[in-house]
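> Dropping the structure in here first, questions after.
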Amino acid sequence: MSKEKISIIVPCYNEEESLPIFYKEINRVSKEMKNVDFEFLFINDGSRDKTLDILRDLSKKDKRVRFISFSRNFGKEAGMYAGLENATGDYVAIMDADMQDPPEMVKTMYDSIQNEGYDCVALYTKNHKDYSFIRKFFTKCWYKLIGMISSTPQVPGARDFRLMKRKMVDAIISMGEYNRYSKGIFSFVGFNTKWIDYTAPGRVAGVTKWSFWKLFKYALEGILAFSTTPLILAALVGLIFCLIAFAAIIFIIVKTIVWGDPVSGWPSLACIIIFVGGLQLFFFGIMGMYMSKLYLEVKKRPIYIISETENGK
């Protein structure tokens with residue numbers, strides 16, 4: 001009887017310093033889990049350092065190591081999707097190479113699926129050692145916001161690190177949308193998920209690739225992908241301003257008829273026009289962002305392009 005297989009997906013972008021450390025640790029964990037086979041699938045997301053060279057060497061030394069190298073940087077979301085689409089295991093885990101996702105946890109996650117009947121075991125953290133106070137504050141605010149405006153529930157502090165059964169992986173792959181927000185997709189497909197709280201350690205090497213601006217754009221991606229509340233808000237504010245304008249017109253007409261006051265107050269009127277015009281541009285921008293996402297979807301561009309694999313293709 002053949003053993004079950006666990007595929008470990010590792011998106012990589014300029015991880016030459018952390019890759020040897022990660023491989024050593026995940027290899028140790030795989031040797032301890034003798035009842036399952038392993039596959040290590042590394043996704044080189046257009047790295048500019050020696051990440052690809054390291055992956056080539058690892059694949060020659062260890063037949064369990066596979067890699068997919070993109071033609072350019074497509075982003076972590078594309079890397080995760082490529083891994084899920086090409087993984088062959090009965091169970092699939094997504095991990096970062098920087099050791100902030102402890103490989104040791106794979107054993108605990110696999111045991112929970114086997115013995116407790118879960119389809120997925122995922123991690124979340126309330127305390128991240130690499131996060132500044134400002135980032136922790138905005139992260140907390142973000143999860144509160146998305147919790148209020150999205151019908152798809154999302155666990156605060158959720159990590160991409162999770163172990164899933166094949167049926168859940170297939171459901172995620174079936175959602176082949178171009179604009180991807182995986183945390184929302186993981187929640188959208190459902191399945192019985194166990195959440196484990198842990199303290200995320202700091203990076204073992206290198207620096208984070210997520211700047212504040214990138215995180216801000218990623219947060220917008222989550223809102224646009226899993227909520228239409230901004231559009232509803234735009235319509236509601238527009239209706240309120242129409243009612244205010246109508247009431248103001250009635251007031252001016254009555255005031256002019258009763259007291260005969262001439263229309264005055266041009267500075268205040270100019271401020272009102274600028275304010276309302278700014279609101280219009282803001283809400284046009286919201287609608288424009290939704291339209292831009294639709295534009296990218298209908299073009300049907302590939303989520304990623306492969307330039308090389310462990311087979312040399």
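As shown in the structure tokens, the chain order sets the letters A, B, ...; within each chain, residues go from 1, and ligands are also counted from 1 in the order they appear.
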Name the residues in contact with A:Asp37 at a cut-off of 12 Å, using only C-alpha atoms, excluding same-chain residues fewer than 5 positions from it; report them as a CSV table (one decimal) with N, CA and C atoms, in the first residue's frame.


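Output file part-v6.csv follows:
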chain,number,residue,atom,x,y,z
A,2,SER,N,0.7,2.2,-1.0
A,2,SER,CA,1.5,3.4,-1.1
A,2,SER,C,1.1,4.3,0.0
A,3,LYS,N,2.1,5.1,0.4
A,3,LYS,CA,1.9,6.1,1.5
A,3,LYS,C,1.2,7.3,0.9
A,4,GLU,N,0.6,8.1,1.8
A,4,GLU,CA,0.0,9.4,1.4
A,4,GLU,C,1.1,10.4,1.2
A,5,LYS,N,0.9,11.4,0.5
A,5,LYS,CA,1.9,12.4,0.2
A,5,LYS,C,1.5,13.8,0.6
A,6,ILE,N,2.4,14.5,1.2
A,6,ILE,CA,2.2,15.9,1.6
A,6,ILE,C,3.1,16.8,0.7
A,7,SER,N,2.5,17.7,0.0
A,7,SER,CA,3.2,18.7,-0.8
A,7,SER,C,3.4,19.9,0.0
A,8,ILE,N,4.6,20.4,0.0
A,8,ILE,CA,4.9,21.7,0.7
A,8,ILE,C,5.2,22.7,-0.3
A,27,ASN,N,13.4,19.2,5.9
A,27,ASN,CA,13.9,17.9,5.6
A,27,ASN,C,14.0,17.1,6.9
A,29,VAL,N,12.0,17.5,9.5
A,29,VAL,CA,10.6,17.2,9.9
A,29,VAL,C,10.1,16.0,9.0
A,30,SER,N,10.4,16.0,7.7
A,30,SER,CA,10.0,15.0,6.8
A,30,SER,C,10.5,13.6,7.2
A,31,LYS,N,11.7,13.6,7.7
A,31,LYS,CA,12.3,12.3,8.2
A,31,LYS,C,11.7,11.8,9.4
A,32,GLU,N,11.2,12.7,10.3
A,32,GLU,CA,10.5,12.2,11.5
A,32,GLU,C,9.1,11.7,11.2
A,63,LYS,N,15.4,14.3,-4.9
A,63,LYS,CA,14.4,14.1,-5.9
A,63,LYS,C,13.0,14.5,-5.5
A,64,ARG,N,12.9,14.8,-4.2
A,64,ARG,CA,11.6,15.3,-3.7
A,64,ARG,C,11.4,16.8,-4.0
A,88,THR,N,1.1,17.6,-6.3
A,88,THR,CA,0.6,16.3,-6.5
A,88,THR,C,0.2,15.6,-5.3
A,89,GLY,N,0.4,16.2,-4.1
A,89,GLY,CA,0.1,15.5,-2.8
A,89,GLY,C,-1.3,15.3,-2.5
A,90,ASP,N,-1.6,14.3,-1.6
A,90,ASP,CA,-2.9,14.2,-1.0
A,90,ASP,C,-3.3,15.3,-0.1
A,91,TYR,N,-2.2,15.9,0.5
A,91,TYR,CA,-2.4,17.0,1.4
A,91,TYR,C,-1.4,18.1,0.9
A,92,VAL,N,-1.8,19.3,1.0
A,92,VAL,CA,-0.9,20.4,0.5
A,92,VAL,C,-0.8,21.5,1.6

> Tell me which protein, DNA and RNA residues are within 12 Å of stretch 49-60 of chain A, counting only C-alpha atoms, leaving out same-chain ones fewer than 3 positions away, and put them as a ChimeraX atom specification.

/A:10-24,27,39-46,63-71,97,206,307-312

> Just write the chosen residues, C-alpha atoms, as a PDB file, in the first residue's frame.


ATOM      1  CA  VAL A  10       7.098  27.527  -0.769  1.00  0.00           C
ATOM      2  CA  PRO A  11       6.820  30.830  -2.695  1.00  0.00           C
ATOM      3  CA  CYS A  12      10.269  32.434  -2.902  1.00  0.00           C
ATOM      4  CA  TYR A  13      11.388  35.927  -3.778  1.00  0.00           C
ATOM      5  CA  ASN A  14      15.050  36.740  -3.066  1.00  0.00           C
ATOM      6  CA  GLU A  15      15.382  34.095  -0.349  1.00  0.00           C
ATOM      7  CA  GLU A  16      18.966  32.917  -0.951  1.00  0.00           C
ATOM      8  CA  GLU A  17      19.885  33.413   2.726  1.00  0.00           C
ATOM      9  CA  SER A  18      16.902  31.643   4.270  1.00  0.00           C
ATOM     10  CA  LEU A  19      16.414  28.776   1.773  1.00  0.00           C
ATOM     11  CA  PRO A  20      19.244  26.515   3.063  1.00  0.00           C
ATOM     12  CA  ILE A  21      17.993  26.984   6.631  1.00  0.00           C
ATOM     13  CA  PHE A  22      14.412  26.253   5.664  1.00  0.00           C
ATOM     14  CA  TYR A  23      15.304  23.170   3.609  1.00  0.00           C
ATOM     15  CA  LYS A  24      17.403  21.725   6.416  1.00  0.00           C
ATOM     16  CA  ASN A  27      13.919  17.894   5.622  1.00  0.00           C
ATOM     17  CA  GLU A  39       7.177  16.709  -2.073  1.00  0.00           C
ATOM     18  CA  PHE A  40       8.841  20.132  -1.786  1.00  0.00           C
ATOM     19  CA  LEU A  41       7.584  22.517  -4.458  1.00  0.00           C
ATOM     20  CA  PHE A  42       9.429  25.849  -4.500  1.00  0.00           C
ATOM     21  CA  ILE A  43       8.066  28.733  -6.597  1.00  0.00           C
ATOM     22  CA  ASN A  44      10.768  31.178  -7.674  1.00  0.00           C
ATOM     23  CA  ASP A  45       8.870  34.412  -8.188  1.00  0.00           C
ATOM     24  CA  GLY A  46      11.375  36.256 -10.386  1.00  0.00           C
ATOM     25  CA  LYS A  63      14.436  14.073  -5.942  1.00  0.00           C
ATOM     26  CA  ARG A  64      11.589  15.252  -3.726  1.00  0.00           C
ATOM     27  CA  VAL A  65      12.514  18.871  -4.515  1.00  0.00           C
ATOM     28  CA  ARG A  66      10.688  20.435  -7.431  1.00  0.00           C
ATOM     29  CA  PHE A  67      10.701  24.048  -8.496  1.00  0.00           C
ATOM     30  CA  ILE A  68       8.865  26.363 -10.832  1.00  0.00           C
ATOM     31  CA  SER A  69      10.637  29.540 -11.891  1.00  0.00           C
ATOM     32  CA  PHE A  70       8.543  32.410 -13.227  1.00  0.00           C
ATOM     33  CA  SER A  71       9.591  34.525 -16.207  1.00  0.00           C
ATOM     34  CA  ALA A  97      10.862  30.249   3.375  1.00  0.00           C
ATOM     35  CA  GLY A 206      16.873  38.735   4.876  1.00  0.00           C
ATOM     36  CA  SER A 307      10.379  29.992 -17.600  1.00  0.00           C
ATOM     37  CA  GLU A 308      11.993  26.906 -16.027  1.00  0.00           C
ATOM     38  CA  THR A 309      11.283  23.830 -13.880  1.00  0.00           C
ATOM     39  CA  GLU A 310      13.412  21.143 -12.258  1.00  0.00           C
ATOM     40  CA  ASN A 311      13.114  19.186 -15.501  1.00  0.00           C
ATOM     41  CA  GLY A 312      14.874  21.974 -17.375  1.00  0.00           C
TER      42      GLY A 312
END

> So, with only C-alpha atoms as the atoms that count, which of A:Met287, A:Ile9, A:Met33, A:Leu145 lies closest to A:Ala82?

A:Ile9

> Nearest to A:Val36 among A:Tyr81, A:Tyr295, A:Tyr110, A:Phe74, with distances taken over only C-alpha atoms: which residue is it?

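Using only C-alpha atoms, A:Val36 sits closest to A:Tyr110.
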
> Please measure the separation of atom CA of A:Ser112 and atom CA of A:Phe191, giving the value in Å to one decimal.

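One can read the atom CA of A:Ser112 to atom CA of A:Phe191 distance as 14.3 Å.
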
> One number please: atom CA of A:Asp170 to atom CA of A:Phe186, in Å, one decimal.

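The value is 11.5 Å.
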
> Which of these, A:Ala87, A:Val189, A:Leu163, A:Ile244, has the shortest distance to A:Val106 once you count only C-alpha atoms?

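The closest residue to A:Val106 is A:Leu163.
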